[in-house]
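Structure file my_file-v1.pdb (PDB, C-alpha atoms and all ligand atoms) follows.
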```
ATOM      1  CA  MET O   5      66.411 100.072 134.814
ATOM      2  CA  ASN O   6      66.207  96.366 134.103
ATOM      3  CA  ALA O   7      63.079  95.339 136.018
ATOM      4  CA  GLY O   8      61.714  92.568 133.793
ATOM      5  CA  ILE O   9      62.068  88.852 134.346
ATOM      6  CA  LEU O  10      61.018  85.559 132.823
ATOM      7  CA  VAL O  11      61.663  82.501 134.979
ATOM      8  CA  SER O  12      60.459  78.928 134.657
ATOM      9  CA  ARG O  13      60.473  75.464 136.122
ATOM     10  CA  SER O  14      62.674  72.840 134.457
ATOM     11  CA  THR O  15      61.288  69.672 136.074
ATOM     12  CA  ASP O  16      58.166  68.400 137.802
ATOM     13  CA  TYR O  17      58.017  68.467 141.569
ATOM     14  CA  THR O  18      55.472  67.521 144.194
ATOM     15  CA  TYR O  19      53.521  70.188 146.012
ATOM     16  CA  THR O  20      52.165  69.234 149.416
ATOM     17  CA  ALA O  21      48.657  70.576 149.940
ATOM     18  CA  GLY O  22      48.472  73.229 152.627
ATOM     19  CA  SER O  23      52.230  73.793 152.794
ATOM     20  CA  ASN O  24      52.046  77.336 151.325
ATOM     21  CA  ALA O  25      55.425  76.665 149.697
ATOM     22  CA  LYS O  26      56.247  79.057 146.852
ATOM     23  CA  VAL O  27      56.353  77.815 143.290
ATOM     24  CA  SER O  28      59.958  76.836 142.736
ATOM     25  CA  TYR O  29      61.305  78.474 139.576
ATOM     26  CA  ASP O  30      64.820  77.229 138.890
ATOM     27  CA  VAL O  31      65.523  78.639 135.406
ATOM     28  CA  GLU O  32      66.119  82.338 134.758
ATOM     29  CA  LYS O  33      65.487  82.891 131.070
ATOM     30  CA  TYR O  34      65.674  86.641 131.483
ATOM     31  CA  ASP O  35      66.760  88.543 134.602
ATOM     32  CA  PRO O  36      69.195  91.270 133.514
ATOM     33  CA  GLY O  37      68.698  93.321 136.689
ATOM     34  CA  ASP O  38      68.988  90.276 138.983
ATOM     35  CA  ASN O  39      65.589  90.988 140.509
ATOM     36  CA  PHE O  40      64.669  87.332 140.894
ATOM     37  CA  ASP O  41      66.310  84.952 143.368
ATOM     38  CA  THR O  42      66.018  81.257 142.486
ATOM     39  CA  THR O  43      66.970  80.333 146.067
ATOM     40  CA  THR O  44      63.970  82.086 147.610
ATOM     41  CA  SER O  45      61.789  82.053 144.441
ATOM     42  CA  GLU O  46      61.012  85.734 145.023
ATOM     43  CA  TYR O  47      60.987  88.743 142.746
ATOM     44  CA  THR O  48      62.105  91.992 144.401
ATOM     45  CA  ALA O  49      60.661  95.193 142.930
ATOM     46  CA  PRO O  50      63.531  97.567 142.115
ATOM     47  CA  LEU O  51      61.302 100.672 141.962
ATOM     48  CA  THR O  52      57.926 101.789 143.276
ATOM     49  CA  GLY O  53      55.412 101.630 140.458
ATOM     50  CA  TYR O  54      52.976  99.534 138.448
ATOM     51  CA  TYR O  55      53.969  96.070 137.304
ATOM     52  CA  LEU O  56      52.398  93.589 134.918
ATOM     53  CA  VAL O  57      52.551  90.122 136.437
ATOM     54  CA  ALA O  58      51.699  87.078 134.336
ATOM     55  CA  ASN O  59      52.282  83.450 135.037
ATOM     56  CA  HIS O  60      51.405  80.001 133.944
ATOM     57  CA  LEU O  61      51.109  77.139 136.412
ATOM     58  CA  LEU O  62      50.875  73.646 134.988
ATOM     59  CA  ALA O  63      49.559  71.117 137.461
ATOM     60  CA  SER O  64      48.827  67.413 137.391
ATOM     61  CA  ASN O  65      45.787  67.901 139.623
ATOM     62  CA  HIS O  66      42.224  68.182 138.471
ATOM     63  CA  GLU O  67      42.100  71.458 140.328
ATOM     64  CA  ALA O  68      44.712  74.203 140.357
ATOM     65  CA  HIS O  69      44.436  77.234 142.570
ATOM     66  CA  GLN O  70      47.301  79.647 142.843
ATOM     67  CA  ILE O  71      47.932  82.866 144.697
ATOM     68  CA  VAL O  72      50.235  85.715 143.667
ATOM     69  CA  ARG O  73      51.595  87.171 146.906
ATOM     70  CA  VAL O  74      53.273  90.464 147.776
ATOM     71  CA  ASN O  75      55.338  90.231 150.964
ATOM     72  CA  GLY O  76      53.500  86.979 151.656
ATOM     73  CA  VAL O  77      50.038  88.572 151.466
ATOM     74  CA  PRO O  78      47.643  87.353 148.723
ATOM     75  CA  ALA O  79      47.311  89.955 145.950
ATOM     76  CA  ALA O  80      45.695  87.957 143.126
ATOM     77  CA  HIS O  81      44.118  84.525 142.778
ATOM     78  CA  ASP O  82      43.420  82.193 139.938
ATOM     79  CA  HIS O  83      41.496  78.967 140.054
ATOM     80  CA  VAL O  84      40.831  76.281 137.460
ATOM     81  CA  TRP O  85      38.788  73.119 137.662
ATOM     82  CA  ASP O  86      38.903  70.460 134.993
ATOM     83  CA  GLN O  87      37.783  66.862 134.856
ATOM     84  CA  GLY O  88      40.820  65.944 132.812
ATOM     85  CA  ALA O  89      44.290  65.288 134.131
ATOM     86  CA  GLY O  90      46.434  68.380 133.953
ATOM     87  CA  VAL O  91      45.220  71.926 134.298
ATOM     88  CA  VAL O  92      46.639  75.379 133.833
ATOM     89  CA  ALA O  93      46.094  78.441 135.983
ATOM     90  CA  GLU O  94      47.338  81.718 134.568
ATOM     91  CA  PRO O  95      46.422  85.017 136.185
ATOM     92  CA  THR O  96      47.536  88.252 134.535
ATOM     93  CA  VAL O  97      47.325  91.295 136.759
ATOM     94  CA  ILE O  98      48.691  94.793 137.198
ATOM     95  CA  LEU O  99      49.977  95.346 140.725
ATOM     96  CA  ARG O 100      51.383  98.452 142.398
ATOM     97  CA  LEU O 101      54.554  97.488 144.197
ATOM     98  CA  ASN O 102      56.795  99.493 146.462
ATOM     99  CA  ALA O 103      60.539  99.306 145.933
ATOM    100  CA  GLY O 104      61.771  96.297 147.861
ATOM    101  CA  ASP O 105      58.450  94.449 147.864
ATOM    102  CA  LYS O 106      58.800  90.681 147.431
ATOM    103  CA  LEU O 107      56.519  88.947 144.932
ATOM    104  CA  SER O 108      56.004  85.179 144.890
ATOM    105  CA  VAL O 109      53.471  82.588 143.749
ATOM    106  CA  THR O 110      52.059  79.775 145.862
ATOM    107  CA  PRO O 111      49.950  76.879 144.635
ATOM    108  CA  ASP O 112      46.942  76.149 146.818
ATOM    109  CA  PHE O 113      45.934  72.669 145.743
ATOM    110  CA  ALA O 114      43.138  70.852 147.556
ATOM    111  CA  SER O 115      45.276  67.718 147.512
ATOM    112  CA  ASP O 116      48.931  66.905 146.913
ATOM    113  CA  GLY O 117      49.966  67.117 143.268
ATOM    114  CA  ASN O 118      52.728  67.907 140.862
ATOM    115  CA  VAL O 119      53.780  71.294 139.572
ATOM    116  CA  LEU O 120      54.913  70.489 136.054
ATOM    117  CA  GLY O 121      58.083  71.714 134.413
ATOM    118  CA  GLU O 122      59.467  71.510 130.911
ATOM    119  CA  SER O 123      59.587  67.749 131.138
ATOM    120  CA  TRP O 124      55.986  67.724 129.995
ATOM    121  CA  GLY O 125      57.328  68.645 126.575
ATOM    122  CA  ARG O 126      55.884  70.520 123.623
ATOM    123  CA  GLY O 127      57.202  73.789 125.021
ATOM    124  CA  MET O 128      54.701  73.860 127.863
ATOM    125  CA  GLU O 129      56.024  74.735 131.265
ATOM    126  CA  THR O 130      55.370  76.591 134.474
ATOM    127  CA  TRP O 131      56.644  80.148 134.269
ATOM    128  CA  LEU O 132      56.467  83.636 135.821
ATOM    129  CA  SER O 133      56.984  86.946 134.054
ATOM    130  CA  VAL O 134      57.108  90.426 135.603
ATOM    131  CA  ALA O 135      57.451  93.737 133.718
ATOM    132  CA  LEU O 136      57.554  97.296 135.016
ATOM    133  CA  LEU O 137      54.867  99.354 133.261
ATOM    134  CA  TYR O 138      55.880 102.646 134.824
ATOM    135  CA  ALA O 139      57.638 103.920 137.917
ATOM    136  CA  GLU O 140      56.123 106.570 140.160
TER     137      GLU O 140
HETATM  138 CA    CA I   1      68.642  86.343 139.452
END
```
In structure tokens, how does this file's structure come out?
Amino acid sequence: MNAGILVSRSTDYTYTAGSNAKVSYDVEKYDPGDNFDTTTSEYTAPLTGYYLVANHLLASNHEAHQIVRVNGVPAAHDHVWDQGAGVVAEPTVILRLNAGDKLSVTPDFASDGNVLGESWGRGMETWLSVALLYAE
């Protein structure tokens, strides 16, 4: 069962505060089981079980808050505040997902800002990785 993915964002884009729009990942570096859909920016769990979810959100804001959602419902949060320009939020969690559950990430910025892609250079980018630890 190919359940693992690694997807990323190739370019910067503007996130409108309060829109609840999902992080838009447009590059599939690894998705052998086709569990991620770049059109909807959702990961679909192929099996019921425990999954390791890690991501990295680069933002131009002074404050980055992001929410990992399962079927649209918040499942994990991460929040960073920095006085400098450009912050990173990166939760790593283990979540139990049912087969068919949809996982996504939404920024929750206090004000409009950019989600940063590879264009920032030096190998830094916004990415999402999901791995199946074990199926029930
Ligand atoms: Ca895919």
**Request:** Using all atoms listed in the file, determine which residues lie at most 6 Å from Asp82 in chain O, disregarding the query and same-chain residues fewer than 6 positions distant; provide the list as a count of residues only.
**Result:** 3
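Nearest to Asp16 in chain O of all the residues O:Thr43, O:Thr52, O:Thr110, O:Thr130 is O:Thr130, based on only C-alpha atoms.
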Using all atoms listed in the file, find each residue in chain O having at least one atom no more than 10 Å away from ligand CA 1 (chain I); report its shortest atom-to-atom pair and that distance in Å (one decimal), rows by chain then rising number, as a Markdown table.
```
| residue | atom | partner | partner_atom | distance |
| --- | --- | --- | --- | --- |
| O:Ile9 | CA | I:CA1 | CA | 8.7 |
| O:Val11 | CA | I:CA1 | CA | 9.1 |
| O:Asp30 | CA | I:CA1 | CA | 9.9 |
| O:Val31 | CA | I:CA1 | CA | 9.2 |
| O:Glu32 | CA | I:CA1 | CA | 6.7 |
| O:Lys33 | CA | I:CA1 | CA | 9.6 |
| O:Tyr34 | CA | I:CA1 | CA | 8.5 |
| O:Asp35 | CA | I:CA1 | CA | 5.6 |
| O:Pro36 | CA | I:CA1 | CA | 7.7 |
| O:Gly37 | CA | I:CA1 | CA | 7.5 |
| O:Asp38 | CA | I:CA1 | CA | 4.0 |
| O:Asn39 | CA | I:CA1 | CA | 5.7 |
| O:Phe40 | CA | I:CA1 | CA | 4.3 |
| O:Asp41 | CA | I:CA1 | CA | 4.8 |
| O:Thr42 | CA | I:CA1 | CA | 6.5 |
| O:Thr43 | CA | I:CA1 | CA | 9.1 |
| O:Ser45 | CA | I:CA1 | CA | 9.5 |
| O:Glu46 | CA | I:CA1 | CA | 9.5 |
| O:Tyr47 | CA | I:CA1 | CA | 8.7 |
| O:Thr48 | CA | I:CA1 | CA | 10.0 |
```
What would the selection look like, as number ranges by chain, if the PyMOL selection byres (((chain O and resi 13) around 7) and not hetatm) were run on the coordinates I just shared? O: 12, 14-15, 28-31, 121-122, 129-131
* To do: Name every residue that the PyMOL selection byres (((chain O and resi 20-27) around 8) and not hetatm) selects in this structure, writing the answer as JSON, numbers by chain with chains first and numbers rising.
  => {"O": [18, 19, 28, 29, 45, 108, 109, 110, 111, 112, 113, 114, 115, 116, 117, 119]}
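Once Val57 in chain O and its same-chain neighbours fewer than 3 positions away are set aside, Val72, Pro95, Thr96, Val97, Ile98, Leu99, Leu132, Ser133, Val134, Ala135 and Leu136 of chain O remain within 9 Å of it when counting all atoms listed in the file.
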Using the file's own x, y and z axes, what box holds all listed atoms of range 56-60 of chain O with 6 Å on each side, keeping edges along x, y and z, and what are its centre and edge lengths in Å to one decimal, as AutoDock Vina command-line options?
```
--center_x 52.0 --center_y 86.8 --center_z 135.2 --size_x 13.1 --size_y 25.6 --size_z 14.5
```
Q | Evaluate the PyMOL selection byres (((chain O and resi 76) around 8) and not hetatm) and report residues as a ChimeraX atom specification | A | /O:73-75,77-78,106-108
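Proximity of O:Ala63, O:Asn6, O:Pro50, O:Met128 to Leu101 in chain O, computed with only C-alpha atoms, is greatest for O:Pro50.
Distance check against Leu10 in chain O using all atoms listed in the file: of O:Tyr54, O:Ala68, O:Asn59, O:Thr44, the minimum falls on O:Asn59.
The nearest approach to Ser64 in chain O among the residues O:Glu140, O:Met5, O:Asn118, O:Leu51, with only C-alpha atoms taken into account, belongs to O:Asn118.
Across the structure, CA of Leu56 in chain O and CA of Asp105 in chain O are spaced 14.3 Å apart.
Reported to one decimal place, the separation of CA of Tyr55 in chain O from CA of Arg100 in chain O is 6.2 Å.
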Here CA of His60 in chain O and CA of Tyr17 in chain O stand apart by 15.3 Å
Of O:Ala49, O:Ala58, O:Tyr138, O:Asn102, the one sitting nearest Ile71 in chain O when using all atoms listed in the file is O:Ala58
